[in-house]
Amino acid sequence: MVAVPERRVRAARRAVTAVFFLNGAVFASWLPRIPEVKTDLGLGSAALGAALTGPALGSVVAMTAAGALVARLGSRPVTRVAFAAFCVLPGLIGLAGSWGALFAALTAWGAALGCLDVSMNSAGMTVQDRYGRPIMSGLHASFSGGALAGAVAGSAAAHHGVPVPLHLGGTGAAALVIGLVATRALLPAGADAQAGGPAFARP
């Protein structure tokens, strides 16, 4: 475990909090647009339900590899790359012109989300280990606050007729800029990278 100055730890806490908030905001901004996407693509309820399994499928697959990546590379680089993908892919969801394209975009987005979920929680735990008191509940509260903000913004965009591609793409782009600036303050990769150990472990 590398030594980290206290001011760097506090900055890292703010950075992780921002990632949790933006994660919730970007994800929840999509939810109010689902009925519109269903109508635009002419999907039935069964087809929409099948498409919406994509995020879960992608997330489960990515999570199995994310832990190994974090262990070897550290949570900082994995969080930054996963966050970037998580912000870019909503634009592709909005541009999907068929069921197959929608399913593919949602599955890829789920993979980015799953990887981000593992890495940002690892980053949070690493900060907590150095912070001296529990902070994880605050980080998860930040996610919930972001989800509320994203849902409200998404509902407003739907109400005012903002095109889905513009809304989702713009939301992702704004979050990407803010998040990449914020995550520069995450603890260095050496703070939680491990030199050895198994890539996978049975629970």
# chains A, B, ... in the order shown; residues from 1 in each chain; ligands from 1
>>> residues_around(residues="Gly145 in chain A", least_positions_apart="4", cutoff="10 Å", atoms="only C-alpha atoms", output="list of chain:residue names")
A:Phe20, A:Phe21, A:Leu22, A:Gly24, A:Ala25, A:Leu139, A:His140, A:Ala141, A:Ala149, A:Gly150, A:Ala151
>>> closest_atom_pairs(of="range 41-96 of chain A", to="range 169-176 of chain A", cutoff="12 Å", atoms="only C-alpha atoms", output="Markdown table")
| residue | atom | partner | partner_atom | distance |
| --- | --- | --- | --- | --- |
| A:Arg80 | CA | A:Leu176 | CA | 9.7 |
| A:Val81 | CA | A:Leu176 | CA | 10.6 |
| A:Ala82 | CA | A:Leu176 | CA | 10.8 |
| A:Phe83 | CA | A:Leu176 | CA | 7.5 |
| A:Ala84 | CA | A:Leu176 | CA | 6.1 |
| A:Ala85 | CA | A:Leu176 | CA | 9.0 |
| A:Phe86 | CA | A:Gly172 | CA | 7.9 |
| A:Cys87 | CA | A:Gly172 | CA | 4.3 |
| A:Val88 | CA | A:Gly172 | CA | 5.8 |
| A:Leu89 | CA | A:Gly172 | CA | 7.8 |
| A:Pro90 | CA | A:Gly169 | CA | 6.1 |
| A:Gly91 | CA | A:Gly169 | CA | 4.0 |
| A:Leu92 | CA | A:Gly169 | CA | 7.8 |
| A:Ile93 | CA | A:Gly169 | CA | 8.8 |
| A:Gly94 | CA | A:Gly169 | CA | 7.4 |
| A:Leu95 | CA | A:Gly169 | CA | 9.2 |
>>> select_by_dssp(residues="range 2-198 of chain A", states="helix (DSSP H, G or I)", output="NGL selection string")
:A and (6-41 or 45-51 or 54-73 or 75-95 or 99-131 or 136-159 or 164-185 or 189-191)
>>> residues_around(residues="range 186-195 of chain A", least_positions_apart="2", cutoff="7 Å", atoms="only C-alpha atoms", output="PyMOL selection string")
chain A and resi 1-2+12+15-16+70-77+126+183-184
>>> closest_residue(among="A:Thr107, A:Gly44, A:Trp30, A:Ser98", to="Ala56 in chain A", atoms="only C-alpha atoms")
A:Thr107
>>> closest_residue(among="A:His160, A:Ala104, A:Val127, A:Leu166", to="Arg8 in chain A", atoms="only C-alpha atoms")
A:Val127
>>> residues_around(residues="Gly49 in chain A", least_positions_apart="5", cutoff="12 Å", atoms="only C-alpha atoms", output="PyMOL selection string")
chain A and resi 34-35+38+43-44+54-56+99+102-103+106
>>> atom_distance(atom1="CA of Ala46 in chain A", atom2="CA of Trp109 in chain A")
20.6 Å
>>> atom_distance(atom1="CA of Arg13 in chain A", atom2="CA of Gly124 in chain A")
7.3 Å
>>> closest_residue(among="A:Val162, A:Gln128, A:Ala182, A:Met136", to="Ala11 in chain A", atoms="only C-alpha atoms")
A:Ala182
>>> atom_distance(atom1="CA of Leu113 in chain A", atom2="CA of Val177 in chain A")
17.4 Å
